[in-house]
$ cat input-v2.txt   # compact mmCIF, C-alpha atoms
# COMPACT_ATOMS: atom_id res chain seq x y z
CA MET A 171 -17.91 16.62 -15.28
CA LYS A 172 -17.69 19.08 -12.38
CA ILE A 173 -18.35 18.91 -8.67
CA THR A 174 -21.43 20.96 -7.80
CA GLU A 175 -22.19 19.94 -4.20
CA ILE A 176 -20.46 18.35 -1.23
CA VAL A 177 -22.97 17.36 1.44
CA CYS A 178 -21.92 16.24 4.91
CA GLN A 179 -24.49 14.26 6.92
CA LEU A 180 -24.26 13.15 10.56
CA LEU A 181 -26.03 9.99 11.71
CA ARG A 182 -26.39 8.67 15.26
CA VAL A 183 -28.18 5.72 16.82
CA PRO A 184 -30.69 6.65 19.55
CA ALA A 185 -28.82 5.32 22.60
CA VAL A 186 -25.06 5.87 22.49
CA GLU A 187 -23.27 3.63 24.98
CA ARG A 188 -20.12 4.62 26.84
CA LYS A 189 -17.81 2.16 25.09
CA THR A 190 -14.88 2.11 22.70
CA ALA A 191 -16.72 1.59 19.42
CA SER A 192 -17.26 3.70 16.31
CA SER A 193 -20.44 2.07 15.02
CA GLN A 194 -22.68 4.31 17.12
CA ASP A 195 -22.50 7.38 14.89
CA ALA A 196 -21.27 8.20 11.40
CA VAL A 197 -20.38 11.06 9.12
CA LEU A 198 -21.30 10.55 5.47
CA VAL A 199 -19.93 12.66 2.65
CA ARG A 200 -21.82 12.88 -0.63
CA VAL A 201 -20.08 14.43 -3.63
CA ARG A 202 -22.47 15.44 -6.41
CA THR A 203 -21.79 16.48 -9.99
CA ASP A 204 -23.38 18.35 -12.85
CA THR A 205 -23.99 15.01 -14.61
CA GLY A 206 -26.21 13.72 -11.80
CA LEU A 207 -23.67 11.21 -10.50
CA GLU A 208 -23.08 11.04 -6.74
CA GLY A 209 -20.23 9.43 -4.85
CA ILE A 210 -20.42 8.49 -1.17
CA GLY A 211 -17.71 8.29 1.47
CA GLU A 212 -17.30 8.02 5.22
CA ALA A 213 -14.79 9.12 7.87
CA ASP A 214 -14.00 7.16 11.02
CA SER A 215 -13.49 10.15 13.27
CA GLN A 216 -15.46 12.59 15.42
CA PRO A 217 -18.41 13.35 13.11
CA GLU A 218 -19.06 16.97 14.10
CA VAL A 219 -15.38 17.87 13.77
CA VAL A 220 -15.17 16.31 10.30
CA LYS A 221 -18.24 18.27 9.25
CA ALA A 222 -16.69 21.51 10.52
CA ILE A 223 -13.55 20.90 8.46
CA ILE A 224 -15.55 20.26 5.30
CA ASP A 225 -17.96 23.16 5.85
CA ALA A 226 -15.35 25.72 6.97
CA PRO A 227 -15.06 28.85 4.79
CA TYR A 228 -11.91 30.20 3.19
CA SER A 229 -9.50 31.79 5.67
CA HIS A 230 -6.34 31.99 3.57
CA ASN A 231 -4.51 29.88 1.01
CA ILE A 232 -3.29 27.23 3.46
CA ALA A 233 -6.24 27.31 5.87
CA CYS A 234 -9.32 26.56 3.81
CA GLY A 235 -12.41 24.38 4.28
CA LEU A 236 -12.55 21.39 1.97
CA ARG A 237 -15.81 22.16 0.19
CA GLU A 238 -14.49 25.61 -0.74
CA LEU A 239 -11.55 23.93 -2.47
CA LEU A 240 -13.44 21.38 -4.55
CA ILE A 241 -16.59 22.96 -5.99
CA GLY A 242 -16.11 23.24 -9.76
CA GLU A 243 -13.30 20.66 -9.89
CA ASP A 244 -13.23 17.50 -12.00
CA PRO A 245 -13.94 14.63 -9.56
CA LEU A 246 -11.90 12.17 -11.63
CA ASP A 247 -8.65 13.98 -10.75
CA THR A 248 -8.32 12.09 -7.48
CA ALA A 249 -4.54 12.37 -7.00
CA ARG A 250 -4.44 16.07 -7.87
CA LEU A 251 -7.40 16.86 -5.62
CA TRP A 252 -5.77 15.03 -2.70
CA GLN A 253 -2.66 17.17 -3.17
CA LYS A 254 -4.77 20.32 -3.39
CA MET A 255 -6.61 19.50 -0.16
CA HIS A 256 -3.38 18.60 1.62
CA ARG A 257 -1.59 21.81 0.70
CA SER A 258 -4.58 24.07 1.29
CA THR A 259 -5.09 22.77 4.86
CA MET A 260 -1.42 22.99 5.83
CA TYR A 261 -2.03 25.22 8.87
CA PHE A 262 -4.61 22.94 10.50
CA GLY A 263 -4.13 19.61 8.74
CA ARG A 264 -1.17 17.33 7.93
CA SER A 265 -2.42 14.54 10.18
CA SER A 266 -5.37 13.34 12.26
CA VAL A 267 -8.88 14.67 11.76
CA THR A 268 -8.28 16.81 8.67
CA ILE A 269 -6.87 13.76 6.87
CA THR A 270 -9.94 11.74 7.90
CA ALA A 271 -12.19 14.40 6.37
CA MET A 272 -10.09 14.31 3.21
CA ALA A 273 -10.32 10.50 3.28
CA ALA A 274 -14.13 10.61 3.28
CA ILE A 275 -14.10 12.95 0.26
CA ASP A 276 -11.46 10.82 -1.47
CA MET A 277 -13.58 7.69 -0.92
CA ALA A 278 -16.54 9.48 -2.49
CA LEU A 279 -14.42 10.62 -5.44
CA TRP A 280 -13.29 7.04 -6.13
CA ASP A 281 -16.90 5.88 -5.85
CA LEU A 282 -17.78 8.51 -8.46
CA LYS A 283 -14.90 7.44 -10.67
CA GLY A 284 -16.06 3.84 -10.59
CA LYS A 285 -19.61 4.84 -11.45
CA GLN A 286 -18.40 7.05 -14.30
CA PHE A 287 -16.47 4.16 -15.88
CA GLY A 288 -18.89 1.40 -14.84
CA ALA A 289 -16.18 -0.43 -12.91
CA PRO A 290 -15.71 -1.58 -9.32
CA ILE A 291 -13.00 0.34 -7.49
CA TYR A 292 -10.72 -2.69 -7.22
CA GLN A 293 -10.33 -2.61 -11.01
CA LEU A 294 -9.27 1.04 -10.86
CA LEU A 295 -6.67 0.03 -8.24
CA GLY A 296 -5.13 -2.54 -10.56
CA GLY A 297 -7.31 -5.59 -10.09
CA LYS A 298 -8.23 -7.94 -7.27
CA GLN A 299 -5.98 -10.78 -6.18
CA HIS A 300 -8.60 -12.41 -3.95
CA ASP A 301 -12.27 -13.13 -4.74
CA ARG A 302 -13.07 -13.71 -1.09
CA ILE A 303 -11.25 -13.23 2.20
CA GLN A 304 -11.53 -15.03 5.52
CA ALA A 305 -13.27 -12.66 7.92
CA TYR A 306 -12.68 -12.37 11.62
CA ALA A 307 -15.50 -11.37 13.94
CA SER A 308 -14.29 -8.16 15.59
CA CYS A 309 -15.80 -7.53 19.00
CA LEU A 310 -15.10 -6.24 22.49
CA PHE A 311 -14.05 -8.37 25.46
CA GLY A 312 -16.61 -9.60 27.92
CA ARG A 313 -16.29 -8.45 31.52
CA ASP A 314 -14.24 -11.58 32.35
CA GLY A 315 -12.96 -14.81 30.80
CA LYS A 316 -16.28 -16.64 31.12
CA GLN A 317 -18.27 -13.96 29.31
CA THR A 318 -15.52 -13.67 26.67
CA ARG A 319 -15.68 -17.44 26.12
CA ASP A 320 -19.46 -17.24 25.68
CA ILE A 321 -19.11 -14.43 23.13
CA ALA A 322 -16.54 -16.46 21.19
CA GLN A 323 -18.80 -19.50 21.13
CA ARG A 324 -21.62 -17.36 19.76
CA TRP A 325 -19.56 -16.25 16.78
CA VAL A 326 -18.16 -19.72 16.14
CA GLU A 327 -21.76 -20.93 15.93
CA ALA A 328 -22.40 -18.11 13.43
CA GLY A 329 -19.69 -19.54 11.16
CA TYR A 330 -16.56 -17.56 12.09
CA GLN A 331 -13.29 -19.43 12.61
CA ALA A 332 -11.39 -16.25 13.44
CA ILE A 333 -12.30 -13.83 16.25
CA LYS A 334 -10.70 -10.72 17.73
CA PHE A 335 -11.35 -9.39 21.22
CA GLY A 336 -10.26 -5.96 22.29
CA TRP A 337 -10.10 -3.04 24.67
CA GLU A 338 -11.76 -2.80 28.06
CA PRO A 339 -11.31 -4.38 30.61
CA MET A 340 -7.85 -5.53 29.49
CA GLY A 341 -4.93 -3.89 31.30
CA GLN A 342 -6.21 -3.87 34.88
CA SER A 343 -4.05 -6.79 36.03
CA LEU A 344 -2.07 -9.75 34.73
CA LYS A 345 -4.60 -12.12 36.29
CA LEU A 346 -7.53 -10.54 34.47
CA ASP A 347 -5.59 -10.27 31.19
CA LEU A 348 -4.80 -14.00 31.27
CA ASP A 349 -8.40 -14.82 32.17
CA LEU A 350 -9.71 -12.83 29.20
CA VAL A 351 -7.33 -14.41 26.67
CA ARG A 352 -7.90 -17.89 28.10
CA GLY A 353 -11.65 -17.37 27.76
CA GLY A 354 -11.25 -16.36 24.13
CA ARG A 355 -9.17 -19.44 23.36
CA GLU A 356 -11.61 -21.78 25.12
CA GLY A 357 -14.50 -20.28 23.19
CA ILE A 358 -12.94 -20.48 19.74
CA GLY A 359 -11.20 -23.82 20.13
CA ASP A 360 -8.54 -24.32 17.45
CA GLY A 361 -9.59 -21.27 15.42
CA THR A 362 -7.71 -18.01 14.83
CA LEU A 363 -7.59 -15.85 17.96
CA LEU A 364 -6.54 -12.18 17.81
CA ILE A 365 -6.14 -9.85 20.78
CA ASP A 366 -6.36 -6.03 20.69
CA ALA A 367 -4.87 -4.61 23.88
CA GLY A 368 -6.13 -1.07 23.25
CA CYS A 369 -2.89 0.96 23.68
CA ILE A 370 -2.43 0.27 27.40
CA TRP A 371 1.16 -0.80 28.21
CA ASP A 372 4.74 0.37 28.01
CA ALA A 373 7.08 -1.74 25.88
CA ARG A 374 8.51 -3.88 28.69
CA THR A 375 5.08 -4.69 30.13
CA ALA A 376 3.82 -5.50 26.64
CA LEU A 377 6.71 -7.93 26.14
CA LYS A 378 5.87 -9.68 29.41
CA ARG A 379 2.24 -9.94 28.34
CA ALA A 380 3.21 -11.31 24.93
CA GLN A 381 5.34 -13.95 26.63
CA ALA A 382 2.47 -14.82 28.99
CA PHE A 383 0.00 -15.00 26.07
CA GLU A 384 2.24 -17.22 23.91
CA GLN A 385 0.62 -20.37 25.34
CA PHE A 386 -2.70 -19.33 23.76
CA ASP A 387 -1.35 -19.35 20.16
CA LEU A 388 -2.39 -15.84 19.15
CA THR A 389 -2.17 -14.86 15.48
CA TRP A 390 -1.36 -11.30 16.55
CA LEU A 391 -1.24 -8.91 19.49
CA GLU A 392 -2.67 -5.59 18.40
CA GLU A 393 -1.80 -2.11 19.65
CA PRO A 394 -0.22 -2.96 22.99
CA LEU A 395 1.56 0.46 23.13
CA ARG A 396 0.43 4.05 22.75
CA PRO A 397 0.01 4.95 19.07
CA ASP A 398 3.00 7.33 18.76
CA ASP A 399 5.64 5.03 20.26
CA VAL A 400 7.47 4.10 17.05
CA ALA A 401 10.71 3.19 18.86
CA GLY A 402 8.79 1.12 21.41
CA TYR A 403 6.97 -0.80 18.69
CA ARG A 404 10.20 -1.53 16.85
CA TRP A 405 11.81 -2.75 20.09
CA LEU A 406 8.79 -4.90 20.93
CA ARG A 407 8.35 -6.38 17.48
CA ASN A 408 11.99 -7.57 17.46
CA ARG A 409 11.45 -9.45 20.76
CA SER A 410 7.82 -10.54 20.91
CA PRO A 411 6.96 -14.23 20.41
CA ILE A 412 3.62 -13.05 18.96
CA PRO A 413 3.33 -10.97 15.76
CA ILE A 414 2.55 -7.30 16.47
CA ALA A 415 -0.25 -5.49 14.62
CA GLY A 416 -1.08 -1.80 14.66
CA GLY A 417 -1.68 1.47 12.88
CA GLU A 418 -5.44 1.91 12.87
CA GLN A 419 -5.17 5.51 14.13
CA GLU A 420 -2.72 6.58 11.43
CA CYS A 421 -3.98 9.04 8.83
CA GLY A 422 -2.13 9.55 5.54
CA ARG A 423 1.32 8.63 4.30
CA GLU A 424 3.22 11.08 6.49
CA SER A 425 1.65 9.51 9.57
CA TRP A 426 2.50 6.01 8.36
CA ARG A 427 6.03 6.74 7.14
CA PRO A 428 7.92 6.41 10.47
CA PHE A 429 6.27 3.06 11.24
CA ILE A 430 7.05 1.67 7.80
CA ASP A 431 10.61 3.01 7.79
CA ALA A 432 11.21 1.48 11.23
CA GLN A 433 9.49 -1.81 10.25
CA ALA A 434 7.63 -1.41 13.52
CA PHE A 435 4.77 -3.87 12.86
CA ASP A 436 4.31 -7.34 11.45
CA ILE A 437 0.77 -6.46 10.31
CA TYR A 438 -0.15 -2.93 9.20
CA GLN A 439 -3.84 -2.17 9.75
CA VAL A 440 -5.07 0.53 7.37
CA ASP A 441 -8.45 2.19 7.83
CA LEU A 442 -9.90 3.40 4.53
CA ALA A 443 -12.16 5.82 6.42
CA ARG A 444 -9.04 7.47 7.88
CA ASN A 445 -6.83 7.36 4.77
CA GLY A 446 -8.95 7.13 1.63
CA PHE A 447 -8.03 5.15 -1.48
CA THR A 448 -5.35 7.53 -2.74
CA GLU A 449 -3.19 7.26 0.37
CA ALA A 450 -4.07 3.63 1.13
CA ASP A 451 -2.79 2.55 -2.28
CA TYR A 452 0.54 4.28 -1.60
CA ILE A 453 0.76 2.73 1.89
CA LYS A 454 0.05 -0.70 0.40
CA GLN A 455 3.01 -0.39 -1.96
CA ARG A 456 5.35 0.69 0.85
CA VAL A 457 4.32 -2.09 3.21
CA GLN A 458 4.61 -4.74 0.50
CA GLU A 459 8.12 -3.47 -0.30
CA ILE A 460 9.31 -4.30 3.23
CA GLY A 461 7.71 -7.75 3.17
CA ALA A 462 5.14 -7.08 5.90
CA ARG A 463 1.44 -7.95 5.79
CA LEU A 464 -1.63 -5.76 5.45
CA CYS A 465 -5.09 -5.92 6.96
CA ASN A 466 -7.96 -3.48 7.08
CA HIS A 467 -9.24 -1.71 10.15
CA CYS A 468 -12.97 -1.21 10.02
CA TYR A 469 -15.47 -0.70 12.84
CA THR A 470 -18.02 1.55 11.20
CA SER A 471 -20.67 1.11 8.48
CA PRO A 472 -21.00 -0.99 5.31
CA VAL A 473 -19.72 1.99 3.32
CA THR A 474 -16.28 1.57 4.86
CA VAL A 475 -16.61 -2.23 4.77
CA ALA A 476 -17.11 -2.05 1.01
CA ALA A 477 -14.20 0.38 0.60
CA SER A 478 -11.97 -1.87 2.70
CA LEU A 479 -12.85 -4.91 0.60
CA HIS A 480 -12.04 -3.14 -2.66
CA TRP A 481 -8.64 -2.11 -1.31
CA LEU A 482 -7.69 -5.24 0.63
CA CYS A 483 -8.50 -7.62 -2.22
CA THR A 484 -5.76 -5.91 -4.27
CA CYS A 485 -3.11 -6.57 -1.59
CA ARG A 486 -0.78 -9.44 -2.39
CA ASP A 487 -0.63 -11.27 0.95
CA THR A 488 -4.15 -10.63 2.25
CA PHE A 489 -5.13 -13.26 4.80
CA LEU A 490 -7.81 -11.77 7.08
CA PHE A 491 -10.54 -9.13 6.95
CA GLU A 492 -11.85 -7.25 9.98
CA ASP A 493 -15.62 -7.75 10.09
CA CYS A 494 -17.28 -5.63 12.77
CA VAL A 495 -20.10 -7.63 14.35
CA ASP A 496 -21.29 -4.87 16.68
CA ASP A 497 -25.07 -5.01 17.01
CA SER A 498 -25.69 -1.52 15.63
CA PRO A 499 -28.22 -0.50 12.98
CA LEU A 500 -25.53 1.68 11.38
CA ARG A 501 -23.46 -1.44 10.78
CA HIS A 502 -26.28 -3.50 9.30
CA LYS A 503 -28.92 -1.20 7.77
CA LEU A 504 -27.24 1.89 6.29
CA THR A 505 -26.99 0.34 2.83
CA LYS A 506 -29.50 -1.71 0.89
CA GLU A 507 -26.81 -4.37 0.41
CA ARG A 508 -25.72 -6.37 3.47
CA VAL A 509 -21.91 -6.47 3.41
CA GLN A 510 -21.06 -9.11 6.00
CA ALA A 511 -19.32 -12.47 6.10
CA THR A 512 -21.19 -15.68 5.33
CA ASP A 513 -19.81 -18.82 6.98
CA GLY A 514 -16.70 -16.88 7.94
CA TRP A 515 -15.85 -15.58 4.46
CA ILE A 516 -16.59 -12.20 2.89
CA THR A 517 -16.73 -11.34 -0.81
CA VAL A 518 -15.96 -8.13 -2.66
CA PRO A 519 -18.88 -6.07 -4.08
CA GLU A 520 -18.99 -6.23 -7.86
CA GLY A 521 -21.09 -3.16 -8.69
CA PRO A 522 -19.57 0.06 -10.07
CA GLY A 523 -17.68 2.22 -7.57
CA LEU A 524 -18.10 0.99 -4.03
CA GLY A 525 -20.93 -1.28 -5.13
CA VAL A 526 -23.26 -0.27 -2.28
CA THR A 527 -26.35 1.94 -2.19
CA LEU A 528 -27.51 4.03 0.74
CA ASP A 529 -30.91 3.27 2.21
CA GLU A 530 -32.32 6.80 2.14
CA ASP A 531 -35.13 5.97 4.58
CA PHE A 532 -32.55 4.83 7.11
CA VAL A 533 -30.42 7.94 6.52
CA ALA A 534 -33.47 10.14 7.06
CA GLU A 535 -34.43 8.33 10.25
CA PHE A 536 -31.02 8.71 11.92
CA LEU A 537 -29.94 12.06 10.49
CA ILE A 538 -29.01 14.59 13.18
CA ASP A 539 -30.21 18.18 13.07
CA GLU A 540 -28.27 21.10 14.53
CA SER A 541 -29.80 20.55 17.97
CA GLY A 542 -28.39 17.02 18.05
CA ARG A 543 -31.74 15.31 17.53
CA ALA A 544 -32.22 12.52 15.01
CA GLY A 545 -34.97 12.49 12.43
CA SER A 546 -36.25 16.06 12.82
CA SER A 547 -34.07 18.23 10.61
CA THR A 548 -34.85 19.88 7.29
CA GLU A 549 -32.44 17.44 5.65
CA HIS A 550 -34.47 14.59 7.13
CA LYS A 551 -37.72 15.95 5.73
CA LEU A 552 -36.23 16.55 2.30
CA ALA A 553 -34.63 13.11 2.22
CA LYS A 554 -37.93 11.46 3.14
CA LYS A 555 -39.57 13.21 0.19
CA GLY A 556 -36.74 12.21 -2.15
CA ARG A 557 -35.76 15.82 -2.77
CA PRO A 558 -32.13 16.93 -3.16
CA ILE A 559 -30.36 18.26 -0.07
CA ALA A 560 -28.57 21.55 -0.55
CA ALA A 561 -25.03 21.98 0.67
CA HIS A 562 -24.64 24.07 3.80

$ encode --input "input-v2.txt" --output "structure tokens"
Amino acid sequence: MKITEIVCQLLRVPAVERKTASSQDAVLVRVRTDTGLEGIGEADSQPEVVKAIIDAPYSHNIACGLRELLIGEDPLDTARLWQKMHRSTMYFGRSSVTITAMAAIDMALWDLKGKQFGAPIYQLLGGKQHDRIQAYASCLFGRDGKQTRDIAQRWVEAGYQAIKFGWEPMGQSLKLDLDLVRGGREGIGDGTLLIDAGCIWDARTALKRAQAFEQFDLTWLEEPLRPDDVAGYRWLRNRSPIPIAGGEQECGRESWRPFIDAQAFDIYQVDLARNGFTEADYIKQRVQEIGARLCNHCYTSPVTVAASLHWLCTCRDTFLFEDCVDDSPLRHKLTKERVQATDGWITVPEGPGLGVTLDEDFVAEFLIDESGRAGSSTEHKLAKKGRPIAAH
């Protein structure tokens, strides 16, 4: 079996809001083979930049576009192909967006591998240790404590007993921060409350906030510091009365290594759409060695939700799953299967590979052409007719 095509598709909902959320657009990667099998993957990154990295032509041996590297290769050689991509992008890769593009391809390769062997990905990773996982409703803060309380009550009524609030407007003042967290606790009652600060404080301010939030019995305080502050996170984790979670921005093992070596977090949040299965499996082993806990980060489409479930169910001490409840069609309609929690619990897909199937009508409707418009490109027209889409 050989790779014959790698197709990169950009999707965007009609009205993109100015907010911190990644369920408003998506970049899909489709790896096709001479046997007719196709694997799908997704990157949580800037879609146009990911596409440029995949589509880029050969420049020289360590500055090469990803498609150029993989056409003609055996898609089952996932570890070798990761190493090939990593070395051949040395001059513009090593971390950040190039790794996310590699992660999308890697996800698609594992989907292909599962389809080839008729097995769900979790079996290829060594077998699941959890049939279902408690899901937390992941959402943004309201504008104040009252609106945050109302949002929490909505998701409790929907069956969730764990909720996370994050990002704006936290960080404007101690008074507002306390109001927001108090509203979340009032709304969820005795359930599991998680707070994502959104990378806004220095270490000493974060410690003061953690001490102020202790009364609200948080399960974790997520990303209180800027992402690169390894020393600050280690200092904070050793003093905070609340467990510290973080790492969603990290891409690949070299990005994760300093945090793991420093034991900087209590909970390591790995995004499969920023790491892929090959690296996420390595990161899992390292984190489990130091006795810390793992959780997924996922705020995109059901493709990444499915990937996250396959990976997280193989982790020994899994206790929560991030379930994005953003009201976006990309979150709920991209695949024919609805991959969302029921009564606060989410189960792992059992089909081969990722176990999800793209809704091609939806893809065609939201596909972006080169002018930035949805639903009017050649790819859209071909997809609507069920015809193959050529790589470009």

$ residues_around --input "input-v2.txt" --residues "Arg486 of chain A" --least-positions-apart "6" --cutoff "12 Å" --atoms "all atoms listed in the file" --output "PyMOL selection string"
chain A and resi 296-300+454-455+457-459+461-465

$ closest_residue --input "input-v2.txt" --among "A:Cys421, A:Met277, A:Leu310, A:Val518" --to "His256 of chain A" --atoms "all atoms listed in the file"
A:Cys421

$ atom_distance --input "input-v2.txt" --atom1 "atom CA of Gln385 of chain A" --atom2 "atom CA of Ile333 of chain A"
17.1 Å

$ residues_around --input "input-v2.txt" --residues "Thr205 of chain A" --least-positions-apart "6" --cutoff "10 Å" --atoms "all atoms listed in the file" --output "ChimeraX atom specification"
/A:171-174,286

$ atom_distance --input "input-v2.txt" --atom1 "atom CA of Ser471 of chain A" --atom2 "atom CA of Leu500 of chain A"
5.7 Å

$ closest_atom_pairs --input "input-v2.txt" --of "segment 410-489 of chain A" --to "segment 244-255 of chain A" --cutoff "10 Å" --atoms "only C-alpha atoms" --output "CSV"
residue,atom,partner,partner_atom,distance
A:Gly446,CA,A:Trp252,CA,9.6
A:Phe447,CA,A:Thr248,CA,9.2
A:Thr448,CA,A:Ala249,CA,6.5
A:Glu449,CA,A:Trp252,CA,8.7

$ residues_around --input "input-v2.txt" --residues "Asp301 of chain A" --least-positions-apart "6" --cutoff "9 Å" --atoms "only C-alpha atoms" --output "list in words"
Cys483, Ile516, Thr517 and Val518 of chain A

$ atom_distance --input "input-v2.txt" --atom1 "atom CA of Tyr330 of chain A" --atom2 "atom CA of Ile303 of chain A"
12.0 Å

$ axis_aligned_box --input "input-v2.txt" --around "segment 528-531 of chain A" --padding-each-side "5 Å" --output "JSON"
{"center_x": -31.3, "center_y": 5.0, "center_z": 2.7, "size_x": 17.6, "size_y": 13.5, "size_z": 13.8}

$ residues_around --input "input-v2.txt" --residues "Leu294 of chain A" --least-positions-apart "2" --cutoff "12 Å" --atoms "only C-alpha atoms" --output "ChimeraX atom specification"
/A:246,248,280-292,296-298,447-448,451,480-481,484,522-524

$ residues_near_point --input "input-v2.txt" --point "(-18.9, -6.3, 15.5)" --cutoff "8 Å" --atoms "all atoms listed in the file" --output "JSON, numbers by chain"
{"A": [307, 308, 309, 310, 469, 493, 494, 495, 496, 497]}

$ write_last_selection --input "input-v2.txt" --atoms "C-alpha atoms" --output "mmCIF file, keeping the file's coordinate frame"
data_model
loop_
_atom_site.group_PDB
_atom_site.id
_atom_site.type_symbol
_atom_site.label_atom_id
_atom_site.label_comp_id
_atom_site.auth_asym_id
_atom_site.auth_seq_id
_atom_site.Cartn_x
_atom_site.Cartn_y
_atom_site.Cartn_z
ATOM 1 C CA ALA A 307 -15.500 -11.370 13.940
ATOM 2 C CA SER A 308 -14.290 -8.160 15.590
ATOM 3 C CA CYS A 309 -15.800 -7.530 19.000
ATOM 4 C CA LEU A 310 -15.100 -6.240 22.490
ATOM 5 C CA TYR A 469 -15.470 -0.700 12.840
ATOM 6 C CA ASP A 493 -15.620 -7.750 10.090
ATOM 7 C CA CYS A 494 -17.280 -5.630 12.770
ATOM 8 C CA VAL A 495 -20.100 -7.630 14.350
ATOM 9 C CA ASP A 496 -21.290 -4.870 16.680
ATOM 10 C CA ASP A 497 -25.070 -5.010 17.010
#

$ decode --input "input-v2.txt" --residues "segment 199-244 of chain A" --atoms "C-alpha atoms" --output "compact mmCIF listing (two decimals), in the first residue's frame"
# COMPACT_ATOMS: atom_id res chain seq x y z
CA VAL A 199 -6.11 16.30 6.16
CA ARG A 200 -7.07 13.33 4.02
CA VAL A 201 -4.41 10.75 3.19
CA ARG A 202 -5.35 8.49 0.27
CA THR A 203 -3.76 5.29 -0.97
CA ASP A 204 -3.54 3.13 -4.06
CA THR A 205 -5.83 0.59 -2.37
CA GLY A 206 -8.69 3.08 -2.07
CA LEU A 207 -8.37 3.51 1.69
CA GLU A 208 -8.46 7.04 3.11
CA GLY A 209 -7.42 8.25 6.54
CA ILE A 210 -8.57 11.55 8.03
CA GLY A 211 -6.88 13.87 10.51
CA GLU A 212 -7.16 17.38 11.89
CA ALA A 213 -4.84 20.06 13.26
CA ASP A 214 -5.78 22.52 16.00
CA SER A 215 -3.83 25.45 14.63
CA GLN A 216 -4.16 28.29 12.12
CA PRO A 217 -5.74 26.45 9.17
CA GLU A 218 -4.17 28.42 6.30
CA VAL A 219 -0.69 28.11 7.82
CA VAL A 220 -1.06 24.35 8.25
CA LYS A 221 -2.16 24.05 4.63
CA ALA A 222 0.87 26.04 3.47
CA ILE A 223 3.22 23.70 5.36
CA ILE A 224 1.63 20.61 3.82
CA ASP A 225 1.43 22.07 0.30
CA ALA A 226 4.90 23.67 0.27
CA PRO A 227 7.29 22.39 -2.43
CA TYR A 228 10.77 21.02 -1.90
CA SER A 229 13.34 23.68 -0.99
CA HIS A 230 16.19 21.52 0.28
CA ASN A 231 16.65 18.38 2.36
CA ILE A 232 15.71 19.96 5.70
CA ALA A 233 13.16 22.47 4.41
CA CYS A 234 10.52 20.49 2.57
CA GLY A 235 6.72 20.54 2.42
CA LEU A 236 5.07 17.53 4.00
CA ARG A 237 3.18 16.22 0.98
CA GLU A 238 6.42 16.17 -1.03
CA LEU A 239 7.92 13.88 1.62
CA LEU A 240 5.13 11.31 1.84
CA ILE A 241 3.79 10.55 -1.64
CA GLY A 242 4.78 6.96 -2.48
CA GLU A 243 5.44 5.98 1.15
CA ASP A 244 3.82 3.10 3.03
